[in-house]
$ cat entry.txt   # compact mmCIF, C-alpha atoms and all ligand atoms
# COMPACT_ATOMS: atom_id res chain seq x y z
CA MET V 1458 78.45 112.63 130.25
CA ARG V 1459 80.52 109.78 131.68
CA ILE V 1460 84.26 110.22 131.94
CA THR V 1461 86.95 107.57 132.14
CA GLN V 1462 90.63 108.42 132.50
CA VAL V 1463 93.28 106.55 130.60
CA LYS V 1464 96.02 106.76 133.21
CA LEU V 1465 99.40 107.11 131.55
CA GLY V 1466 101.19 109.75 133.62
CA ARG V 1467 101.91 112.81 131.47
CA ARG V 1468 100.13 111.16 128.54
CA SER V 1469 96.87 110.63 130.48
CA TYR V 1470 93.61 111.62 128.81
CA ALA V 1471 89.88 111.44 129.24
CA ILE V 1472 87.33 109.37 127.37
CA ALA V 1473 83.97 111.16 127.40
CA VAL V 1474 80.88 109.10 126.57
CA GLY V 1475 77.29 110.30 126.25
CA ASN V 1476 74.38 111.19 124.03
CA LYS V 1477 74.54 114.49 122.10
CA ILE V 1478 77.63 115.55 124.03
CA ILE V 1479 79.34 117.06 121.00
CA ARG V 1480 77.60 120.35 121.83
CA SER V 1481 79.77 120.68 124.89
CA LEU V 1482 83.08 119.92 123.16
CA ASP V 1483 84.02 123.62 123.24
CA LYS V 1484 84.34 123.56 127.04
CA LYS V 1485 86.64 120.56 126.92
CA LEU V 1486 88.75 122.13 124.15
CA ASN V 1487 89.06 125.40 126.05
CA ARG V 1488 90.34 123.52 129.06
CA LEU V 1489 92.79 121.41 127.06
CA ASN V 1490 94.09 124.43 125.12
CA LEU V 1491 95.48 122.35 122.26
CA GLY V 1492 95.76 125.21 119.78
CA ASN V 1493 93.83 127.87 117.91
CA SER V 1494 93.19 125.85 114.73
CA ALA V 1495 91.70 122.43 114.11
CA PHE V 1496 92.56 120.24 111.12
CA ILE V 1497 89.68 117.80 110.82
CA ILE V 1498 90.37 114.52 109.02
CA THR V 1499 87.27 112.65 107.88
CA ASN V 1500 85.72 110.86 104.90
CA PRO V 1501 82.86 111.99 102.61
CA LEU V 1502 80.16 109.87 104.27
CA VAL V 1503 81.09 110.89 107.81
CA ARG V 1504 81.41 114.54 106.79
CA ASN V 1505 77.83 114.44 105.51
CA LYS V 1506 76.40 112.51 108.44
CA CYS V 1507 78.40 113.68 111.43
CA SER V 1508 80.18 117.02 110.94
CA GLY V 1509 77.28 119.48 111.39
CA GLU V 1510 77.32 119.76 115.18
CA LEU V 1511 81.12 119.66 115.27
CA ILE V 1512 81.41 122.65 112.94
CA LYS V 1513 78.90 124.61 115.02
CA VAL V 1514 80.76 123.93 118.23
CA LEU V 1515 84.16 124.82 116.72
CA LYS V 1516 82.72 128.12 115.52
CA LYS V 1517 81.28 128.71 118.99
CA ALA V 1518 84.73 128.09 120.43
CA GLY V 1519 86.19 130.66 118.02
CA LEU V 1520 88.56 128.14 116.41
CA ASN V 1521 89.86 128.20 112.87
CA PHE V 1522 89.33 124.92 111.11
CA LYS V 1523 89.81 123.03 107.87
CA ILE V 1524 88.25 119.76 106.80
CA LYS V 1525 90.44 117.26 104.96
CA VAL V 1526 88.41 114.54 103.29
CA VAL V 1527 90.08 111.20 102.59
CA PRO V 1528 88.51 108.29 100.65
CA ASP V 1529 86.08 106.03 102.47
CA THR V 1530 88.12 102.86 102.29
CA GLU V 1531 90.88 100.98 104.10
CA LYS V 1532 93.12 102.30 101.27
CA SER V 1533 93.20 105.60 103.17
CA LYS V 1534 95.65 103.87 105.52
CA SER V 1535 98.35 104.27 102.87
CA ILE V 1536 101.51 106.29 102.34
CA ALA V 1537 99.91 108.07 99.38
CA VAL V 1538 96.98 109.35 101.45
CA LEU V 1539 99.25 110.11 104.42
CA SER V 1540 101.42 112.28 102.21
CA SER V 1541 98.43 114.17 100.77
CA VAL V 1542 97.05 114.79 104.28
CA ILE V 1543 100.37 116.04 105.62
CA ARG V 1544 100.92 118.42 102.72
CA ASP V 1545 97.46 119.94 103.14
CA LEU V 1546 98.07 120.18 106.87
CA ALA V 1547 101.37 122.01 106.32
CA ARG V 1548 99.65 124.51 103.98
CA PHE V 1549 96.92 125.13 106.54
CA ASP V 1550 99.22 125.27 109.54
CA LEU V 1551 101.17 128.41 108.53
CA LYS V 1552 101.48 130.74 111.55
CA LYS V 1553 98.94 128.75 113.53
CA ARG V 1554 98.94 126.40 116.46
CA THR V 1555 97.14 123.42 115.00
CA PHE V 1556 95.74 120.24 116.47
CA ILE V 1557 94.07 117.37 114.63
CA ILE V 1558 90.55 116.08 115.00
CA ALA V 1559 89.97 112.52 113.78
CA LEU V 1560 86.28 112.37 112.85
CA GLY V 1561 85.40 108.89 111.67
CA GLY V 1562 85.79 105.17 112.18
CA GLY V 1563 88.96 103.19 112.76
CA VAL V 1564 90.41 103.97 109.33
CA VAL V 1565 90.30 107.74 109.85
CA GLY V 1566 91.42 107.29 113.47
CA ASP V 1567 94.47 105.17 112.62
CA LEU V 1568 95.55 107.52 109.82
CA SER V 1569 94.97 110.73 111.81
CA GLY V 1570 96.90 109.42 114.81
CA LEU V 1571 99.87 108.64 112.61
CA VAL V 1572 99.74 112.08 110.95
CA ALA V 1573 99.64 113.70 114.39
CA SER V 1574 102.58 111.59 115.60
CA ILE V 1575 104.96 112.57 112.80
CA TYR V 1576 103.94 116.06 111.65
CA LYS V 1577 106.45 118.48 113.24
CA ARG V 1578 107.59 115.54 115.40
CA GLY V 1579 104.17 115.35 116.99
CA ILE V 1580 101.19 117.65 117.43
CA PRO V 1581 98.11 117.06 119.62
CA TYR V 1582 95.10 115.17 118.30
CA ILE V 1583 91.71 114.19 119.57
CA GLN V 1584 89.50 111.32 118.50
CA ILE V 1585 85.81 111.76 117.73
CA PRO V 1586 84.97 108.17 116.83
CA THR V 1587 81.85 107.66 114.74
CA THR V 1588 81.58 103.86 114.54
CA LEU V 1589 80.83 101.58 117.46
CA LEU V 1590 84.08 99.74 116.77
CA ALA V 1591 86.06 102.96 116.97
CA GLN V 1592 84.27 104.14 120.14
CA VAL V 1593 84.88 100.89 122.02
CA ASP V 1594 88.23 99.94 120.57
CA SER V 1595 90.33 101.69 117.94
CA ALA V 1596 90.07 105.28 119.24
CA ILE V 1597 91.43 104.25 122.65
CA GLY V 1598 95.00 103.23 123.28
CA GLY V 1599 97.11 105.24 120.88
CA LYS V 1600 97.83 102.58 118.27
CA THR V 1601 98.15 104.36 114.94
CA ALA V 1602 98.63 102.56 111.66
CA LEU V 1603 98.98 102.37 107.90
CA ASP V 1604 98.86 99.26 105.73
CA LEU V 1605 101.40 98.05 103.20
CA SER V 1606 100.73 95.63 100.36
CA GLU V 1607 102.87 93.23 102.42
CA GLY V 1608 100.41 93.34 105.32
CA LYS V 1609 97.94 95.36 107.39
CA ASN V 1610 99.02 97.80 110.10
CA LEU V 1611 102.75 97.34 109.41
CA ILE V 1612 103.56 101.05 109.75
CA GLY V 1613 102.61 102.78 112.94
CA ALA V 1614 103.51 104.20 116.30
CA PHE V 1615 102.04 104.44 119.76
CA TYR V 1616 100.85 108.01 120.05
CA GLN V 1617 98.10 108.81 122.52
CA PRO V 1618 95.27 111.24 121.75
CA ARG V 1619 94.56 114.11 124.15
CA LEU V 1620 90.87 113.30 124.33
CA VAL V 1621 88.46 110.65 123.08
CA PHE V 1622 84.98 112.10 122.63
CA SER V 1623 82.41 109.35 122.03
CA ASP V 1624 79.00 110.78 121.21
CA VAL V 1625 76.64 107.84 120.74
CA ALA V 1626 74.20 110.09 118.84
CA LEU V 1627 76.69 109.83 115.96
CA LEU V 1628 76.05 106.08 115.77
CA LYS V 1629 72.42 106.57 114.70
CA SER V 1630 73.35 106.67 111.02
CA LEU V 1631 75.56 103.59 111.19
CA GLU V 1632 74.51 100.62 109.04
CA ALA V 1633 73.33 97.56 110.97
CA ARG V 1634 76.29 95.52 109.77
CA GLN V 1635 78.75 98.13 111.09
CA LEU V 1636 76.94 98.25 114.42
CA ARG V 1637 77.19 94.46 114.72
CA THR V 1638 80.91 94.59 113.92
CA GLY V 1639 81.44 96.87 116.91
CA LEU V 1640 79.16 94.72 119.00
CA ALA V 1641 81.46 91.73 118.45
CA GLU V 1642 84.21 93.68 120.27
CA VAL V 1643 81.81 94.58 123.09
CA ILE V 1644 80.83 90.91 123.47
CA LYS V 1645 84.56 90.17 123.60
CA TYR V 1646 85.03 92.58 126.53
CA GLY V 1647 82.14 90.93 128.34
CA ILE V 1648 83.61 87.47 127.84
CA ILE V 1649 87.18 88.31 128.83
CA LYS V 1650 86.64 90.87 131.59
CA ASP V 1651 83.10 91.73 132.63
CA LYS V 1652 80.27 89.29 133.20
CA ARG V 1653 77.90 92.15 134.12
CA LEU V 1654 78.46 93.70 130.72
CA PHE V 1655 77.82 90.30 129.16
CA ALA V 1656 74.52 89.93 131.04
CA TYR V 1657 73.58 93.49 130.01
CA LEU V 1658 74.13 92.56 126.38
CA GLU V 1659 71.96 89.47 126.78
CA LYS V 1660 69.17 91.57 128.25
CA ASN V 1661 69.40 94.56 125.92
CA CYS V 1662 70.62 93.13 122.67
CA LYS V 1663 67.49 94.08 120.71
CA ASP V 1664 67.49 97.70 121.90
CA ILE V 1665 71.19 98.01 121.15
CA LEU V 1666 70.62 96.78 117.61
CA ARG V 1667 67.89 99.42 117.30
CA SER V 1668 70.49 102.04 118.32
CA LYS V 1669 68.75 103.03 121.58
CA THR V 1670 71.11 105.73 122.72
CA GLU V 1671 71.06 105.12 126.48
CA LYS V 1672 71.89 101.43 125.93
CA LEU V 1673 74.65 102.33 123.49
CA ALA V 1674 76.06 104.80 126.01
CA TYR V 1675 76.14 102.05 128.65
CA ILE V 1676 78.05 99.57 126.50
CA VAL V 1677 80.43 102.18 125.07
CA ASN V 1678 81.22 103.41 128.56
CA ALA V 1679 81.69 99.92 130.01
CA SER V 1680 83.91 98.90 127.08
CA SER V 1681 85.94 102.12 127.27
CA LYS V 1682 86.64 101.47 130.96
CA ILE V 1683 87.93 97.99 130.19
CA LYS V 1684 90.15 99.11 127.33
CA ALA V 1685 91.37 102.13 129.33
CA GLY V 1686 92.28 99.87 132.26
CA ILE V 1687 94.26 97.48 130.10
CA VAL V 1688 96.04 100.25 128.15
CA GLY V 1689 96.85 102.02 131.44
CA CYS V 1690 98.67 98.89 132.66
CA ASP V 1691 100.36 97.91 129.40
CA GLU V 1692 100.54 100.88 127.03
CA ARG V 1693 102.92 99.34 124.52
CA GLU V 1694 101.87 95.73 124.73
CA GLU V 1695 105.11 94.85 126.50
CA LYS V 1696 103.80 93.11 129.61
CA GLY V 1697 101.44 90.74 127.89
CA LEU V 1698 98.40 92.32 129.58
CA ARG V 1699 97.05 93.70 126.31
CA THR V 1700 97.21 90.15 124.93
CA VAL V 1701 93.78 89.26 126.32
CA LEU V 1702 92.30 91.79 123.90
CA ASN V 1703 93.28 89.33 121.18
CA PHE V 1704 90.54 86.94 122.29
CA GLY V 1705 88.89 85.63 119.11
CA HIS V 1706 91.38 87.57 116.99
CA THR V 1707 93.99 84.91 116.18
CA LEU V 1708 91.58 82.61 114.36
CA GLY V 1709 89.41 85.60 113.43
CA HIS V 1710 92.35 87.14 111.62
CA ALA V 1711 93.03 83.85 109.85
CA ILE V 1712 89.39 83.83 108.66
CA GLU V 1713 89.65 87.47 107.48
CA CYS V 1714 92.82 86.65 105.53
CA ALA V 1715 91.41 83.41 104.11
CA CYS V 1716 88.41 85.24 102.68
CA GLY V 1717 90.60 88.06 101.34
CA PHE V 1718 89.05 90.60 103.79
CA ASN V 1719 85.88 90.24 101.78
CA LYS V 1720 83.14 87.83 102.82
CA TYR V 1721 83.47 88.45 106.56
CA ASN V 1722 84.32 91.85 107.97
CA HIS V 1723 86.45 92.24 111.10
CA GLY V 1724 83.73 91.87 113.73
CA GLU V 1725 82.12 88.95 111.93
CA ALA V 1726 85.46 87.16 111.72
CA VAL V 1727 86.11 87.93 115.40
CA ALA V 1728 82.70 86.43 116.32
CA LEU V 1729 83.72 83.23 114.54
CA GLY V 1730 87.19 83.40 116.10
CA MET V 1731 85.62 83.72 119.58
CA LEU V 1732 83.45 80.66 118.94
CA ILE V 1733 86.54 78.71 117.88
CA ALA V 1734 88.42 79.87 121.01
CA LEU V 1735 85.44 78.74 123.13
CA GLU V 1736 85.41 75.33 121.47
CA ILE V 1737 89.16 75.04 122.16
CA SER V 1738 88.57 76.14 125.78
CA LYS V 1739 85.97 73.40 126.16
CA ARG V 1740 88.16 70.76 124.56
CA MET V 1741 91.02 71.78 126.90
CA GLY V 1742 88.70 71.24 129.88
CA LEU V 1743 88.63 74.93 130.87
CA ILE V 1744 84.89 75.58 130.47
CA LYS V 1745 81.67 73.61 130.35
CA GLY V 1746 79.43 73.23 127.31
CA SER V 1747 76.70 75.28 129.05
CA LEU V 1748 78.84 78.45 129.05
CA GLN V 1749 79.80 77.84 125.45
CA ARG V 1750 76.11 77.55 124.50
CA ARG V 1751 75.24 80.72 126.45
CA ILE V 1752 77.84 82.76 124.58
CA GLU V 1753 76.89 81.21 121.27
CA GLY V 1754 73.28 82.15 122.02
CA LEU V 1755 74.16 85.83 122.35
CA ILE V 1756 76.27 85.82 119.19
CA LYS V 1757 73.36 84.26 117.28
CA ARG V 1758 70.88 86.82 118.61
CA THR V 1759 73.03 89.74 117.46
CA GLY V 1760 72.99 88.38 113.91
CA LEU V 1761 76.75 87.84 113.86
CA PRO V 1762 77.79 84.65 112.04
CA HIS V 1763 78.09 81.45 114.02
CA GLU V 1764 79.01 79.13 111.16
CA ILE V 1765 81.80 79.33 108.59
CA LYS V 1766 80.51 79.35 105.05
CA GLY V 1767 82.25 79.68 101.72
CA ILE V 1768 85.88 79.35 102.92
CA ALA V 1769 87.81 76.08 102.74
CA LEU V 1770 89.14 74.79 106.06
CA LYS V 1771 92.63 74.37 104.58
CA ASN V 1772 92.77 78.07 103.68
CA ILE V 1773 91.96 79.12 107.24
CA ILE V 1774 94.61 76.76 108.59
CA LYS V 1775 97.16 78.08 106.10
CA ALA V 1776 96.39 81.67 107.11
CA TYR V 1777 96.59 80.70 110.79
CA HIS V 1778 100.11 79.38 110.30
CA ARG V 1779 101.15 82.61 108.61
CA ASP V 1780 99.77 84.70 111.46
CA LYS V 1781 102.33 86.85 113.21
CA LYS V 1782 101.25 85.62 116.61
CA PHE V 1783 102.72 82.23 115.73
CA ILE V 1784 106.07 82.69 117.45
CA GLY V 1785 108.70 80.13 116.48
CA ARG V 1786 107.28 76.65 117.19
CA LYS V 1787 105.04 77.88 119.98
CA ASN V 1788 101.51 79.04 119.60
CA ARG V 1789 99.72 81.31 122.03
CA LEU V 1790 95.96 81.62 122.28
CA VAL V 1791 93.64 83.59 124.51
CA LEU V 1792 91.16 81.11 125.97
CA ILE V 1793 88.41 81.37 128.56
CA ALA V 1794 88.38 79.85 132.06
CA ASP V 1795 85.01 81.38 133.01
CA LEU V 1796 82.78 84.26 131.97
CA GLY V 1797 84.85 87.40 132.56
CA LYS V 1798 88.07 85.44 132.93
CA ALA V 1799 90.54 85.13 130.06
CA LYS V 1800 93.57 82.85 130.12
CA VAL V 1801 96.59 82.99 127.84
CA VAL V 1802 97.64 79.45 126.92
CA GLU V 1803 100.75 78.43 125.00
CA ASN V 1804 101.34 75.29 122.97
CA VAL V 1805 97.72 74.38 122.37
CA PRO V 1806 97.86 71.05 120.44
CA PHE V 1807 97.32 71.82 116.78
CA GLY V 1808 94.86 68.91 116.44
CA ILE V 1809 92.52 70.64 118.91
CA ILE V 1810 92.73 73.94 117.00
CA GLU V 1811 91.94 72.22 113.73
CA GLU V 1812 89.01 70.25 115.22
CA ALA V 1813 87.65 73.47 116.77
CA VAL V 1814 87.73 75.29 113.42
CA LYS V 1815 86.08 72.25 111.80
CA SER V 1816 83.28 72.34 114.38
CA LEU V 1817 82.10 75.68 112.95
CA TYR V 1818 81.21 74.11 109.61
CA SER V 1819 77.66 72.83 109.45
CA ALA V 1820 77.48 69.10 108.74
N1 LIG N 1901 94.13 101.42 116.44
C1 LIG N 1901 93.56 100.37 116.96
O1 LIG N 1901 93.79 100.02 118.12
C2 LIG N 1901 92.59 99.58 116.13
C3 LIG N 1901 91.79 98.62 116.73
C4 LIG N 1901 90.85 97.96 115.95
C5 LIG N 1901 90.73 98.26 114.59
N2 LIG N 1901 91.53 99.20 114.04
C6 LIG N 1901 91.39 99.57 112.62
O2 LIG N 1901 90.12 100.17 112.47
C7 LIG N 1901 89.69 99.99 111.12
C8 LIG N 1901 88.26 99.54 111.13
O3 LIG N 1901 87.46 100.51 111.77
P1 LIG N 1901 85.91 100.67 111.45
O4 LIG N 1901 85.24 99.36 111.60
O5 LIG N 1901 85.43 101.82 112.23
O6 LIG N 1901 85.91 100.94 109.88
P2 LIG N 1901 85.78 102.28 108.99
O7 LIG N 1901 86.55 103.38 109.56
O8 LIG N 1901 86.10 101.83 107.60
O9 LIG N 1901 84.23 102.60 109.10
C9 LIG N 1901 83.30 101.65 108.61
C10 LIG N 1901 82.29 102.31 107.67
O10 LIG N 1901 81.37 103.08 108.45
C11 LIG N 1901 81.24 104.37 107.89
N3 LIG N 1901 80.88 105.27 108.98
C12 LIG N 1901 81.68 105.75 109.96
N4 LIG N 1901 80.95 106.45 110.83
C13 LIG N 1901 79.68 106.44 110.40
C14 LIG N 1901 78.47 106.98 110.88
N5 LIG N 1901 78.42 107.63 112.05
N6 LIG N 1901 77.34 106.79 110.16
C15 LIG N 1901 77.36 106.07 109.01
N7 LIG N 1901 78.48 105.51 108.53
C16 LIG N 1901 79.62 105.70 109.20
C17 LIG N 1901 82.59 104.64 107.28
O11 LIG N 1901 82.50 105.67 106.31
C18 LIG N 1901 82.92 103.28 106.68
O12 LIG N 1901 82.30 103.12 105.44
C19 LIG N 1901 90.65 99.01 110.48
O13 LIG N 1901 91.54 99.70 109.65
C20 LIG N 1901 91.40 98.42 111.68
O14 LIG N 1901 92.72 98.01 111.34
C21 LIG N 1901 92.45 99.87 114.79
ZN ZN N 1902 89.20 93.66 116.79
$ encode --input "entry.txt" --output "structure tokens"
Amino acid sequence: MRITQVKLGRRSYAIAVGNKIIRSLDKKLNRLNLGNSAFIITNPLVRNKCSGELIKVLKKAGLNFKIKVVPDTEKSKSIAVLSSVIRDLARFDLKKRTFIIALGGGVVGDLSGLVASIYKRGIPYIQIPTTLLAQVDSAIGGKTALDLSEGKNLIGAFYQPRLVFSDVALLKSLEARQLRTGLAEVIKYGIIKDKRLFAYLEKNCKDILRSKTEKLAYIVNASSKIKAGIVGCDEREEKGLRTVLNFGHTLGHAIECACGFNKYNHGEAVALGMLIALEISKRMGLIKGSLQRRIEGLIKRTGLPHEIKGIALKNIIKAYHRDKKFIGRKNRLVLIADLGKAKVVENVPFGIIEEAVKSLYSA
């Protein structure tokens, strides 16, 4: 088991990564002493695929527990589901000392974190992420969220978990498309912060896509270290250090919005967004075409999209202008100066952005 600390003073916590580590969760829970009862929040699919070992280990630890199942959709990040979860939690919590276990992907993680942050003004929670995206990204950093019809992630708080427990054995049942979505974020970490991780992905891409556990453990651990380091320096995104994590996300988000969160999922849109950011970086004279082709090569080999299909350019541009990162008349983009080296650039000429998006359409 590999451990990384997220260093946040009194709010510090460990990220444990390994294969079949869930069996040893009882020892960690005993040490943390979070309570005598666990309220597990999950969805039907994850309960079927991933809860067996967890239940065994909770019984071994002598803990009371209850499983709350929420629908398997982004709609679970809603006030209606939040209210149902909190009411069930309150009924369960009578005369107990309860902590929450988020067992699932980013949807369950975001919802559970928010429940934990507001129930009785805050109770402890741990994350047991079950998607690659959640293990490398959403479970780390304490961003909790619900969506409104006015926009995604508009309700939320920073509320750190007490433990992130990433068992890569849980990823075995993940669909290939979900694995690739998480992989897009791992590629992002390699590009912005870690050229060794990038080279590892180039070498082991096939094995990773076949869910080879030791390779998954390597990339989850390397990604967790990067995210932990950035969160440790800029917990609340106040110093601009967390900004580099938005690499590929500004245009990626515009693509997600333009296709109505339908044709391309998050990681696929981020892959396209990263390719656009690379094209902009090249046009701004920051990188050479050879690096751009190298990164594009890896994205192609993972099966992530490298061309935009089925969305009109004007709709992406419209969505880009609406994006919340467009501050006043300025724009701010995360670009690349070299492999492993991100650069935040303001006032990128709009003509360059538009040409870069255009370059992802096949002639
Ligand atoms: N808090 C943050 O910092 C942060 C960061 C990035 C994304 N997010 C949020 O995360 C969400 C996306 O997360 P996601 O991609 O994990 O989506 P998700 O939670 O919807 O999971 C994707 C699908 O995989 C299934 N699944 C989960 N674990 C599985 C397993 N082990 N085997 C088989 N199937 C499994 C789920 O049931 C679901 O159908 C979005 O709501 C996004 O806003 C939050
Ligand atoms: Zn992302």
$ residues_around --input "entry.txt" --residues "range 1609-1617 of chain V" --least-positions-apart "6" --cutoff "7 Å" --atoms "only C-alpha atoms" --output "mmCIF file with C-alpha atoms, in the coordinates of the input"
data_model
loop_
_atom_site.group_PDB
_atom_site.id
_atom_site.type_symbol
_atom_site.label_atom_id
_atom_site.label_comp_id
_atom_site.auth_asym_id
_atom_site.auth_seq_id
_atom_site.Cartn_x
_atom_site.Cartn_y
_atom_site.Cartn_z
ATOM 1 C CA ARG V 1468 100.130 111.160 128.540
ATOM 2 C CA GLY V 1570 96.900 109.420 114.810
ATOM 3 C CA LEU V 1571 99.870 108.640 112.610
ATOM 4 C CA SER V 1574 102.580 111.590 115.600
ATOM 5 C CA GLY V 1598 95.000 103.230 123.280
ATOM 6 C CA GLY V 1599 97.110 105.240 120.880
ATOM 7 C CA LYS V 1600 97.830 102.580 118.270
ATOM 8 C CA THR V 1601 98.150 104.360 114.940
ATOM 9 C CA ALA V 1602 98.630 102.560 111.660
ATOM 10 C CA LEU V 1603 98.980 102.370 107.900
#
$ residues_near_point --input "entry.txt" --point "(85.4, 93.5, 118.3)" --cutoff "10 Å" --atoms "all atoms listed in the file" --output "compact mmCIF listing (two decimals) with C-alpha atoms, in the coordinates of the input"
# COMPACT_ATOMS: atom_id res chain seq x y z
CA LEU V 1589 80.83 101.58 117.46
CA LEU V 1590 84.08 99.74 116.77
CA ALA V 1591 86.06 102.96 116.97
CA VAL V 1593 84.88 100.89 122.02
CA ASP V 1594 88.23 99.94 120.57
CA SER V 1595 90.33 101.69 117.94
CA ARG V 1637 77.19 94.46 114.72
CA THR V 1638 80.91 94.59 113.92
CA GLY V 1639 81.44 96.87 116.91
CA LEU V 1640 79.16 94.72 119.00
CA ALA V 1641 81.46 91.73 118.45
CA GLU V 1642 84.21 93.68 120.27
CA VAL V 1643 81.81 94.58 123.09
CA ILE V 1644 80.83 90.91 123.47
CA LYS V 1645 84.56 90.17 123.60
CA TYR V 1646 85.03 92.58 126.53
CA LEU V 1702 92.30 91.79 123.90
CA ASN V 1703 93.28 89.33 121.18
CA PHE V 1704 90.54 86.94 122.29
CA GLY V 1705 88.89 85.63 119.11
CA HIS V 1706 91.38 87.57 116.99
CA HIS V 1723 86.45 92.24 111.10
CA GLY V 1724 83.73 91.87 113.73
CA GLU V 1725 82.12 88.95 111.93
CA ALA V 1726 85.46 87.16 111.72
CA VAL V 1727 86.11 87.93 115.40
CA ALA V 1728 82.70 86.43 116.32
CA MET V 1731 85.62 83.72 119.58
$ atom_distance --input "entry.txt" --atom1 "CA of Lys1477 in chain V" --atom2 "CA of Ala1626 in chain V"
5.5 Å
$ closest_atom_pairs --input "entry.txt" --of "chain V" --to "ligand LIG 1901 (chain N)" --cutoff "6 Å" --atoms "all atoms listed in the file" --output "JSON lines"
{"residue": "V:Leu1502", "atom": "CA", "partner": "N:LIG1901", "partner_atom": "O11", "distance": 5.2}
{"residue": "V:Val1503", "atom": "CA", "partner": "N:LIG1901", "partner_atom": "C13", "distance": 5.3}
{"residue": "V:Asp1529", "atom": "CA", "partner": "N:LIG1901", "partner_atom": "O11", "distance": 5.3}
{"residue": "V:Thr1530", "atom": "CA", "partner": "N:LIG1901", "partner_atom": "O8", "distance": 5.8}
{"residue": "V:Glu1531", "atom": "CA", "partner": "N:LIG1901", "partner_atom": "O13", "distance": 5.7}
{"residue": "V:Gly1561", "atom": "CA", "partner": "N:LIG1901", "partner_atom": "N4", "distance": 5.1}
{"residue": "V:Gly1562", "atom": "CA", "partner": "N:LIG1901", "partner_atom": "O7", "distance": 3.3}
{"residue": "V:Gly1563", "atom": "CA", "partner": "N:LIG1901", "partner_atom": "O3", "distance": 3.2}
{"residue": "V:Val1564", "atom": "CA", "partner": "N:LIG1901", "partner_atom": "O7", "distance": 3.9}
{"residue": "V:Val1565", "atom": "CA", "partner": "N:LIG1901", "partner_atom": "O7", "distance": 5.8}
{"residue": "V:Asp1567", "atom": "CA", "partner": "N:LIG1901", "partner_atom": "N1", "distance": 5.4}
{"residue": "V:Thr1587", "atom": "CA", "partner": "N:LIG1901", "partner_atom": "N4", "distance": 4.2}
{"residue": "V:Thr1588", "atom": "CA", "partner": "N:LIG1901", "partner_atom": "N4", "distance": 4.6}
{"residue": "V:Leu1590", "atom": "CA", "partner": "N:LIG1901", "partner_atom": "O5", "distance": 5.2}
{"residue": "V:Ala1591", "atom": "CA", "partner": "N:LIG1901", "partner_atom": "O5", "distance": 4.9}
{"residue": "V:Asp1594", "atom": "CA", "partner": "N:LIG1901", "partner_atom": "C3", "distance": 5.4}
{"residue": "V:Ser1595", "atom": "CA", "partner": "N:LIG1901", "partner_atom": "C2", "distance": 3.6}
{"residue": "V:Lys1600", "atom": "CA", "partner": "N:LIG1901", "partner_atom": "N1", "distance": 4.3}
{"residue": "V:Thr1601", "atom": "CA", "partner": "N:LIG1901", "partner_atom": "N1", "distance": 5.2}
{"residue": "V:Leu1627", "atom": "CA", "partner": "N:LIG1901", "partner_atom": "N5", "distance": 4.8}
{"residue": "V:Leu1628", "atom": "CA", "partner": "N:LIG1901", "partner_atom": "N5", "distance": 4.7}
{"residue": "V:Ser1630", "atom": "CA", "partner": "N:LIG1901", "partner_atom": "N6", "distance": 4.1}
{"residue": "V:Leu1631", "atom": "CA", "partner": "N:LIG1901", "partner_atom": "C15", "distance": 3.8}
$ closest_residue --input "entry.txt" --among "V:Lys1552, V:Lys1696, V:His1710, V:Lys1815" --to "ligand ZN 1902 (chain N)" --atoms "all atoms listed in the file"
V:His1710
$ atom_distance --input "entry.txt" --atom1 "CA of Val1801 in chain V" --atom2 "CA of Ile1756 in chain V"
22.3 Å
$ atom_distance --input "entry.txt" --atom1 "CA of Arg1467 in chain V" --atom2 "CA of Arg1554 in chain V"
20.5 Å
$ closest_residue --input "entry.txt" --among "V:Lys1525, V:Ile1536, V:Phe1622, V:Gly1608" --to "Asp1483 in chain V" --atoms "only C-alpha atoms"
V:Phe1622
$ residues_around --input "entry.txt" --residues "Ala1799 in chain V" --least-positions-apart "3" --cutoff "6 Å" --atoms "only C-alpha atoms" --output "number ranges by chain"
V: 1649, 1792-1793
$ closest_atom_pairs --input "entry.txt" --of "range 1764-1797 of chain V" --to "range 1737-1746 of chain V" --cutoff "10 Å" --atoms "all atoms listed in the file" --output "CSV"
residue,atom,partner,partner_atom,distance
V:Leu1790,CA,V:Ile1737,CA,9.5
V:Val1791,CA,V:Ser1738,CA,9.1
V:Leu1792,CA,V:Ser1738,CA,5.6
V:Ile1793,CA,V:Ser1738,CA,5.9
V:Ala1794,CA,V:Leu1743,CA,5.1
V:Asp1795,CA,V:Ile1744,CA,6.3
V:Leu1796,CA,V:Ile1744,CA,9.1
$ closest_residue --input "entry.txt" --among "V:Ile1558, V:Leu1729, V:Leu1486, V:Cys1690" --to "ligand ZN 1902 (chain N)" --atoms "all atoms listed in the file"
V:Leu1729
$ closest_residue --input "entry.txt" --among "V:Lys1516, V:Arg1667, V:Lys1523, V:Lys1775" --to "Phe1556 in chain V" --atoms "only C-alpha atoms"
V:Lys1523
$ closest_residue --input "entry.txt" --among "V:Ala1596, V:Cys1716, V:Leu1620, V:Leu1568" --to "Lys1485 in chain V" --atoms "all atoms listed in the file"
V:Leu1620
